[in-house]
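To start, the structure itself, in structure tokens.
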Amino acid sequence: MAAKKIVIGSDHAGFAYKQLLIQQFSANSLEFTDVGAHDESPSDYPDIAEKLALEIQTGRFDKGILICGSGVGVSVAVNKFRGVRAGVCHDTYSAHQGVEHDDMNVLCIGQRIIGIELAMEIVRTFLAAGFSGEERHARRLEKVLRIEQEQMGGV
């Protein structure tokens, strides 16, 4: 696996998968930083998405993983942060394509949508993928980054 330092978070609806993923992948010499939730008590996904996004922005983490009931809520929230490129992936093709072509750095999955074995395979695929750097992908990424810069006021 290419990525070694991972930040991970979930709301209450993704807590069980988060715990299983940490357990499974920690055995593969991956370092996880868990930004919550820390139990299955009701929690708000925007709070967890914000914590994860701020960690990604520091540059200390290779990639991030967010889990909620559908994957959609955390994706919407985390994509509001500069430098975060997140996608909801419930198949392995999207997980590697999102990284290889779009430089996706946060994977969002829904615990209520897919089984744990598929979730583990998607995470494995996401962590192993790297941005291709091909001219057409780099050109498109540059356009996305320009849009982000313009929309966020050049800050």
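By order in the structure tokens, chains are A, B, ...; within a chain, residues start at 1; ligands start at 1, following the order shown.
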Please list as a PyMOL selection string every residue within 12 Å of Cys68 in chain A, counting only C-alpha atoms and excluding residues in the same chain fewer than 6 positions away.
chain A and resi 8-18+36-37+40+42-46+48-49+74-77+88+107-114
Output N, CA and C atoms of each residue in that selection to a file, as a short mmCIF file (atom, residue, chain, number, x, y, z; two decimals), in the first residue's frame.
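Output file part16.cif follows:
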```cif
data_model
loop_
_atom_site.label_atom_id
_atom_site.label_comp_id
_atom_site.auth_asym_id
_atom_site.auth_seq_id
_atom_site.Cartn_x
_atom_site.Cartn_y
_atom_site.Cartn_z
N ILE A 8 -8.67 9.20 9.78
CA ILE A 8 -9.95 8.53 9.59
C ILE A 8 -10.98 9.10 10.56
N GLY A 9 -12.22 9.16 10.10
CA GLY A 9 -13.29 9.65 10.95
C GLY A 9 -14.63 9.11 10.51
N SER A 10 -15.56 9.16 11.42
CA SER A 10 -16.92 8.73 11.14
C SER A 10 -17.88 9.43 12.09
N ASP A 11 -19.13 9.45 11.69
CA ASP A 11 -20.16 9.80 12.66
C ASP A 11 -20.63 8.49 13.29
N HIS A 12 -21.68 8.56 14.08
CA HIS A 12 -22.19 7.36 14.75
C HIS A 12 -22.61 6.27 13.76
N ALA A 13 -23.10 6.68 12.57
CA ALA A 13 -23.58 5.71 11.58
C ALA A 13 -22.46 4.99 10.85
N GLY A 14 -21.23 5.44 11.01
CA GLY A 14 -20.08 4.78 10.40
C GLY A 14 -19.09 4.26 11.40
N PHE A 15 -19.42 4.37 12.68
CA PHE A 15 -18.48 4.03 13.75
C PHE A 15 -18.02 2.58 13.68
N ALA A 16 -18.92 1.64 13.49
CA ALA A 16 -18.55 0.22 13.50
C ALA A 16 -17.55 -0.10 12.38
N TYR A 17 -17.79 0.42 11.18
CA TYR A 17 -16.86 0.17 10.07
C TYR A 17 -15.52 0.82 10.35
N LYS A 18 -15.54 2.01 10.89
CA LYS A 18 -14.28 2.71 11.18
C LYS A 18 -13.42 1.85 12.10
N GLY A 36 -12.58 10.85 15.42
CA GLY A 36 -13.93 10.63 15.98
C GLY A 36 -14.87 10.11 14.92
N ALA A 37 -16.03 9.85 15.31
CA ALA A 37 -16.61 9.76 16.63
C ALA A 37 -15.96 8.59 17.39
N GLU A 40 -20.85 5.11 19.49
CA GLU A 40 -22.02 5.14 18.61
C GLU A 40 -23.11 6.12 19.08
N PRO A 42 -25.19 9.47 19.10
CA PRO A 42 -25.48 10.37 17.98
C PRO A 42 -24.44 11.50 17.88
N SER A 43 -23.96 11.71 16.67
CA SER A 43 -22.96 12.76 16.42
C SER A 43 -23.29 13.40 15.08
N ASP A 44 -22.69 14.54 14.83
CA ASP A 44 -22.95 15.30 13.61
C ASP A 44 -21.77 15.16 12.65
N TYR A 45 -22.04 14.61 11.46
CA TYR A 45 -20.98 14.37 10.48
C TYR A 45 -20.19 15.61 10.08
N PRO A 46 -20.78 16.83 10.03
CA PRO A 46 -19.95 17.98 9.65
C PRO A 46 -18.80 18.23 10.63
N ILE A 48 -17.07 15.98 12.29
CA ILE A 48 -16.01 15.01 12.02
C ILE A 48 -15.32 15.34 10.70
N ALA A 49 -16.11 15.69 9.70
CA ALA A 49 -15.53 16.06 8.40
C ALA A 49 -14.59 17.26 8.54
N VAL A 74 -20.77 13.22 4.61
CA VAL A 74 -19.37 13.55 4.90
C VAL A 74 -18.67 14.09 3.66
N SER A 75 -19.04 13.58 2.49
CA SER A 75 -18.44 14.05 1.25
C SER A 75 -18.80 15.51 0.98
N VAL A 76 -20.06 15.84 1.15
CA VAL A 76 -20.50 17.23 0.94
C VAL A 76 -19.74 18.16 1.89
N ALA A 77 -19.68 17.78 3.15
CA ALA A 77 -19.03 18.64 4.15
C ALA A 77 -17.53 18.79 3.92
N VAL A 88 -17.36 9.88 -2.97
CA VAL A 88 -18.08 8.73 -2.43
C VAL A 88 -17.79 7.57 -3.38
N LEU A 107 -11.46 9.43 0.86
CA LEU A 107 -12.44 8.43 0.46
C LEU A 107 -13.63 8.50 1.42
N CYS A 108 -14.83 8.56 0.86
CA CYS A 108 -16.06 8.57 1.66
C CYS A 108 -16.86 7.31 1.33
N ILE A 109 -17.26 6.59 2.37
CA ILE A 109 -18.08 5.40 2.16
C ILE A 109 -19.25 5.40 3.12
N GLY A 110 -20.28 4.63 2.74
CA GLY A 110 -21.49 4.54 3.55
C GLY A 110 -21.64 3.17 4.17
N GLN A 111 -21.64 3.13 5.49
CA GLN A 111 -21.79 1.87 6.22
C GLN A 111 -23.13 1.21 5.94
N ARG A 112 -24.14 2.00 5.67
CA ARG A 112 -25.48 1.45 5.42
C ARG A 112 -25.68 1.06 3.96
N ILE A 113 -24.66 1.25 3.14
CA ILE A 113 -24.78 1.00 1.70
C ILE A 113 -24.05 -0.27 1.26
N ILE A 114 -22.86 -0.50 1.80
CA ILE A 114 -22.06 -1.65 1.35
C ILE A 114 -21.65 -2.51 2.54
#
```
How would you write, as a ChimeraX atom specification, the set of residues in chain A that DSSP gives as helix (DSSP H, G or I)?
/A:12-26,45-58,72-78,92-102,116-128,135-151
Nearest to Val72 in chain A by atom-to-atom distance, counting only C-alpha atoms, from A:His90, A:Ile116, A:Gly59, A:Glu31:
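Result for the nearest residue to Val72 in chain A: A:His90.
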Can you pull out the residues contacting Arg140 in chain A? Cut-off 8 Å, using only C-alpha atoms, and skip same-chain residues under 4 positions away; I want them as a list in words.
Asp102, Arg136 and Val144 of chain A
Point out the residue among A:Arg85, A:Ile65, A:Gln19, A:Gln57 with the least atom-to-atom distance to Asp39 in chain A, counting only C-alpha atoms.
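The shortest atom-to-atom distance to Asp39 in chain A comes from A:Gln19.
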List as an mmCIF file with N, CA and C atoms, in the first residue's frame the protein and nucleic acid residues near Thr125 in chain A, meaning an atom at most 6 Å away when only C-alpha atoms are counted, but skip any in the same chain fewer than 3 places from it.
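For reference, selection.cif as written:
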```
data_model
loop_
_atom_site.group_PDB
_atom_site.id
_atom_site.type_symbol
_atom_site.label_atom_id
_atom_site.label_comp_id
_atom_site.auth_asym_id
_atom_site.auth_seq_id
_atom_site.Cartn_x
_atom_site.Cartn_y
_atom_site.Cartn_z
ATOM 1 N N HIS A 96 -9.911 3.696 -7.205
ATOM 2 C CA HIS A 96 -8.583 3.912 -7.802
ATOM 3 C C HIS A 96 -8.625 4.997 -8.865
ATOM 4 N N ILE A 122 -12.367 -1.683 -1.044
ATOM 5 C CA ILE A 122 -12.354 -0.308 -1.562
ATOM 6 C C ILE A 122 -11.262 0.504 -0.872
ATOM 7 N N ALA A 128 -3.774 2.095 -2.058
ATOM 8 C CA ALA A 128 -2.704 1.659 -2.958
ATOM 9 C C ALA A 128 -2.554 2.563 -4.181
#
```
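Secondary structure of range 95-155 of chain A, strand (DSSP E) only (DSSP, backbone atoms): Val106, Leu107, Cys108, Ile109 and Gly110 of chain A.
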Restricting the calculation to only C-alpha atoms: of A:Gln23, A:Thr33, A:Gln97, A:Ser41, which residue gets closest to Ala129 in chain A?
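Closest to Ala129 in chain A, using only C-alpha atoms: A:Gln97.
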Have a look at A:Met120, A:Val106, A:Ala138, A:Ala86 and name the one nearest to Gln24 in chain A; count only C-alpha atoms.
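The closest residue to Gln24 in chain A is A:Met120.
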May I ask for the distance between CA of Gly133 in chain A and CA of Glu100 in chain A, given in Å to one decimal place?
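Value for the CA of Gly133 in chain A-CA of Glu100 in chain A distance: 7.9 Å.
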One decimal, Å: what's the distance from CA of Val35 in chain A over to CA of Lys51 in chain A, could you say?
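Going from CA of Val35 in chain A over to CA of Lys51 in chain A covers 6.3 Å.
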Record the distance separating CA of His137 in chain A and CA of His101 in chain A, expressed in Å with one decimal.
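CA of His137 in chain A sits 5.4 Å away from CA of His101 in chain A.
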